[in-house]
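Pasted below: query13.txt, compact mmCIF, C-alpha atoms.
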# COMPACT_ATOMS: atom_id res chain seq x y z
CA MET E 1 43.11 3.98 118.68
CA MET E 2 46.65 4.81 119.79
CA ALA E 3 48.08 3.35 116.56
CA GLU E 4 45.73 5.60 114.59
CA ILE E 5 46.67 8.66 116.65
CA SER E 6 50.40 7.95 116.30
CA GLU E 7 50.14 7.31 112.55
CA LYS E 8 48.18 10.50 111.94
CA ALA E 9 50.64 12.49 114.06
CA GLY E 10 53.61 10.91 112.30
CA ALA E 11 55.31 10.44 115.65
CA ALA E 12 55.41 8.12 118.63
CA LYS E 13 52.71 8.71 121.23
CA GLY E 14 52.56 7.24 124.71
CA GLY E 15 56.08 5.87 124.38
CA LYS E 16 55.33 3.68 121.33
CA THR E 17 55.38 4.08 117.58
CA ALA E 18 52.25 3.52 115.50
CA GLN E 19 53.65 0.15 114.42
CA GLN E 20 54.23 -0.90 118.03
CA TRP E 21 50.68 0.12 118.99
CA TYR E 22 49.30 -1.70 115.93
CA GLU E 23 51.17 -4.95 116.58
CA ASP E 24 50.58 -4.86 120.34
CA GLY E 25 46.88 -4.24 119.69
CA ILE E 26 46.65 -7.30 117.46
CA ARG E 27 48.56 -9.45 119.97
CA ASN E 28 46.37 -8.34 122.87
CA SER E 29 43.16 -8.77 120.87
CA MET E 30 44.07 -12.33 119.90
CA LYS E 31 45.03 -13.19 123.47
CA ILE E 32 41.78 -11.75 124.82
CA TYR E 33 39.69 -13.74 122.33
CA GLN E 34 41.64 -16.85 123.33
CA GLN E 35 40.87 -16.16 127.01
CA TRP E 36 37.19 -15.56 126.22
CA GLY E 37 37.01 -18.88 124.40
CA GLU E 38 38.49 -20.65 127.40
CA ARG E 39 36.27 -18.85 129.93
CA MET E 40 33.12 -19.41 127.90
CA LYS E 41 33.98 -23.08 127.56
CA VAL E 42 33.84 -22.99 123.77
CA LEU E 43 33.64 -26.67 122.94
CA SER E 44 36.98 -26.95 121.19
CA ALA E 45 38.69 -24.49 123.55
CA ALA E 46 37.41 -26.35 126.61
CA GLU E 47 39.42 -29.40 125.68
CA ALA E 48 42.94 -28.46 124.63
CA THR E 49 43.49 -31.91 123.18
CA ALA E 50 40.44 -31.78 120.88
CA ALA E 51 41.37 -32.47 117.25
CA ASP E 52 39.78 -29.24 116.00
CA TYR E 53 41.25 -26.97 118.67
CA ALA E 54 44.11 -24.71 117.62
CA PRO E 55 45.05 -22.39 120.49
CA ILE E 56 46.34 -18.95 119.63
CA THR E 57 50.04 -19.04 120.44
CA ASP E 58 52.72 -16.36 120.27
CA ALA E 59 54.16 -18.16 117.22
CA LYS E 60 50.78 -18.03 115.43
CA ILE E 61 50.41 -14.34 116.27
CA ALA E 62 53.91 -13.64 114.90
CA ALA E 63 53.07 -15.57 111.71
CA TYR E 64 49.84 -13.59 111.35
CA LEU E 65 51.67 -10.27 111.75
CA ALA E 66 54.25 -11.33 109.15
CA GLN E 67 51.65 -11.91 106.41
CA PRO E 68 52.08 -9.34 103.60
CA GLN E 69 48.46 -8.14 103.84
CA ILE E 70 48.78 -7.59 107.62
CA ALA E 71 52.39 -6.36 107.95
CA TYR E 72 52.67 -2.68 108.87
CA THR E 73 54.12 -1.39 105.59
CA GLY E 74 53.14 1.00 102.82
CA SER E 75 51.89 4.55 102.70
CA SER E 76 50.37 6.31 105.68
CA ALA E 77 46.90 5.95 104.11
CA HIS E 78 47.46 2.20 103.70
CA LYS E 79 48.68 1.92 107.30
CA LEU E 80 45.55 3.71 108.54
CA GLU E 81 43.43 1.20 106.63
CA LEU E 82 45.42 -1.65 108.21
CA ILE E 83 44.89 -0.16 111.68
CA VAL E 84 41.15 0.35 111.23
CA SER E 85 40.67 -3.05 109.55
CA GLN E 86 42.28 -4.79 112.53
CA ALA E 87 40.16 -2.70 114.91
CA TRP E 88 37.12 -3.84 112.89
CA VAL E 89 38.10 -7.47 113.48
CA ASN E 90 38.72 -6.78 117.17
CA PHE E 91 35.24 -5.22 117.52
CA PHE E 92 33.57 -8.50 116.49
CA MET E 93 31.91 -8.70 119.91
CA ARG E 94 31.11 -4.94 119.92
CA PRO E 95 29.45 -4.19 116.60
CA GLU E 96 28.40 -0.68 117.64
CA GLU E 97 32.11 0.21 118.02
CA ALA E 98 32.91 -1.21 114.57
CA TRP E 99 29.99 0.74 113.10
CA SER E 100 31.04 4.00 114.79
CA THR E 101 34.67 3.56 113.74
CA TRP E 102 33.60 2.91 110.15
CA LYS E 103 31.43 6.04 110.21
CA ARG E 104 34.20 8.13 111.80
CA THR E 105 37.01 7.04 109.48
CA GLY E 106 35.32 5.75 106.33
CA LEU E 107 37.44 2.62 106.80
CA PRO E 108 37.71 -0.21 106.14
CA LYS E 109 36.79 0.34 102.53
CA PHE E 110 34.46 -2.46 101.59
CA LYS E 111 34.32 -4.33 98.34
CA GLU E 112 30.89 -4.92 96.90
CA TYR E 113 31.85 -8.44 95.85
CA ALA E 114 33.72 -11.34 97.36
CA ALA E 115 37.44 -11.26 96.67
CA ALA E 116 38.84 -13.97 94.42
CA ASN E 117 41.51 -14.45 97.06
CA PRO E 118 39.88 -14.22 100.52
CA THR E 119 43.27 -13.57 102.13
CA ASP E 120 43.83 -10.27 100.32
CA GLY E 121 43.01 -8.36 103.52
CA THR E 122 40.08 -6.37 102.15
CA ALA E 123 36.76 -6.56 103.94
CA PHE E 124 33.74 -7.76 101.97
CA LEU E 125 30.37 -6.25 102.76
CA ASP E 126 27.49 -8.47 101.80
CA ALA E 127 24.63 -6.66 100.08
CA ILE E 128 21.83 -5.72 102.45
CA SER E 129 18.34 -6.01 101.03
CA ALA E 130 14.70 -6.41 101.91
CA GLY E 131 13.36 -8.76 99.28
CA ALA E 132 14.52 -7.30 95.97
CA SER E 133 15.06 -3.78 97.35
CA PRO E 134 18.63 -2.81 98.26
CA LEU E 135 19.04 -1.14 101.65
CA LEU E 136 21.64 1.33 102.89
CA ILE E 137 23.66 0.86 106.05
CA PRO E 138 22.06 2.98 108.78
CA ARG E 139 24.29 5.91 109.72
CA ARG E 140 22.28 7.31 112.65
CA SER E 141 19.27 6.74 114.82
CA ILE E 142 16.32 8.81 113.76
CA LEU E 143 14.24 10.92 116.09
CA PRO E 144 10.75 9.59 116.75
CA THR E 145 8.02 11.85 115.41
CA PRO E 146 6.36 13.54 118.38
CA ASN E 147 2.72 14.36 118.82
CA SER E 148 1.46 17.81 117.85
CA PHE E 149 2.36 19.35 121.25
CA ASN E 150 6.09 19.35 120.49
CA ILE E 151 6.23 19.52 116.70
CA GLU E 152 7.97 22.95 116.58
CA ASN E 153 10.88 21.78 118.75
CA PHE E 154 11.06 18.53 116.78
CA ASN E 155 11.30 20.39 113.47
CA ALA E 156 13.99 22.71 114.90
CA ALA E 157 16.03 19.71 116.11
CA VAL E 158 15.77 17.98 112.72
CA THR E 159 16.99 21.17 111.01
CA LYS E 160 20.03 21.29 113.33
CA LEU E 161 20.85 17.66 112.47
CA GLY E 162 21.67 18.70 108.90
CA ALA E 163 25.27 19.61 109.78
CA LYS E 164 26.50 18.87 106.25
CA PRO E 165 25.03 20.61 103.18
CA GLU E 166 24.48 17.29 101.38
CA ASP E 167 22.13 16.13 104.16
CA LEU E 168 18.86 17.08 102.56
CA GLN E 169 16.88 14.77 104.83
CA PRO E 170 18.81 14.70 108.11
CA ASN E 171 16.24 12.62 109.96
CA LYS E 172 16.75 9.60 107.71
CA SER E 173 18.68 6.67 109.14
CA GLU E 174 21.20 6.90 106.28
CA GLY E 175 21.77 10.65 106.89
CA ARG E 176 25.17 11.76 108.18
CA ILE E 177 26.25 13.72 111.23
CA PHE E 178 29.19 16.11 111.49
CA TRP E 179 31.90 13.50 112.23
CA ASP E 180 30.63 10.87 109.81
CA LYS E 181 32.91 10.39 106.78
What would the structure in this file look like if it were written as structure tokens?
Amino acid sequence: MMAEISEKAGAAKGGKTAQQWYEDGIRNSMKIYQQWGERMKVLSAAEATAADYAPITDAKIAAYLAQPQIAYTGSSAHKLELIVSQAWVNFFMRPEEAWSTWKRTGLPKFKEYAAANPTDGTAFLDAISAGASPLLIPRRSILPTPNSFNIENFNAAVTKLGAKPEDLQPNKSEGRIFWDK
């Protein structure tokens, strides 16, 4: 979040540049996931000598940060996508945060197909469907329909939900709210 704030402001915030916040965020995220693996006794993490265990080291983090698709370079718009994409990865264990960040920023921009090169840094969103019918990603929780005693207040609340002109049916799960990109 601080990397995003600093990048949008075009200046250091909290004593760090956007790049410092970005890189420190990635380092801390990787270290936290390493600690979680150890605490949860993940089979390969529980035994540091296991053949399939590759602990996250400072050298591996540095190598990750140096990859062209991860390195903090490019336009401000590209840097914001880098920041949000890494936040998306960090929110693996908190999907509601990833969902809210995606709604708030419109990032990461998803491809509708798998990349030919899976290391190109672009997220791939698998198609969501129910049988042969494609589904949309829910953008909000809908209000339950009340009984007839409260229908006037319900209808007034649904009308207020339509904060954007394009929301013709604001009580649909794919409808948007005022901060949703």
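Considering all atoms listed in the file, the residue among E:Asp180, E:Arg139, E:Thr159, E:Phe91 positioned nearest to E:Gly106 is E:Asp180.
Between E:Leu80 and the candidates E:Met40, E:Ile151, E:Ala12, E:Met2, the tightest atom-to-atom separation, counting only C-alpha atoms, involves E:Met2.
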Inset, instruction - Provide the atom CA of E:Ile5 to atom CA of E:Ala63 distance in Å, to one decimal place. - result: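 Here the two named atoms are 25.5 Å from each other.
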Inset, instruction - Measuring atom to atom with only C-alpha atoms, identify which of E:Ser29, E:Asn153, E:Ser148, E:Ser75 is nearest to E:Gly10. - result: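 The closest residue to E:Gly10 is E:Ser75.
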Inset, instruction - Mind giving me the straight-line distance from atom CA of E:Gly74 to atom CA of E:Gln19 in Å, one decimal? - result: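 Atom-to-atom, atom CA of E:Gly74 and atom CA of E:Gln19 are spaced 11.6 Å apart.
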Inset, instruction - Excluding E:Asn90 and any residue of its chain fewer than 6 positions from it, enumerate the residues within 10 Å of it, using all atoms listed in the file, and give them as a ChimeraX atom specification. - result: /E:25-26,28-30,32-33,84,97-98
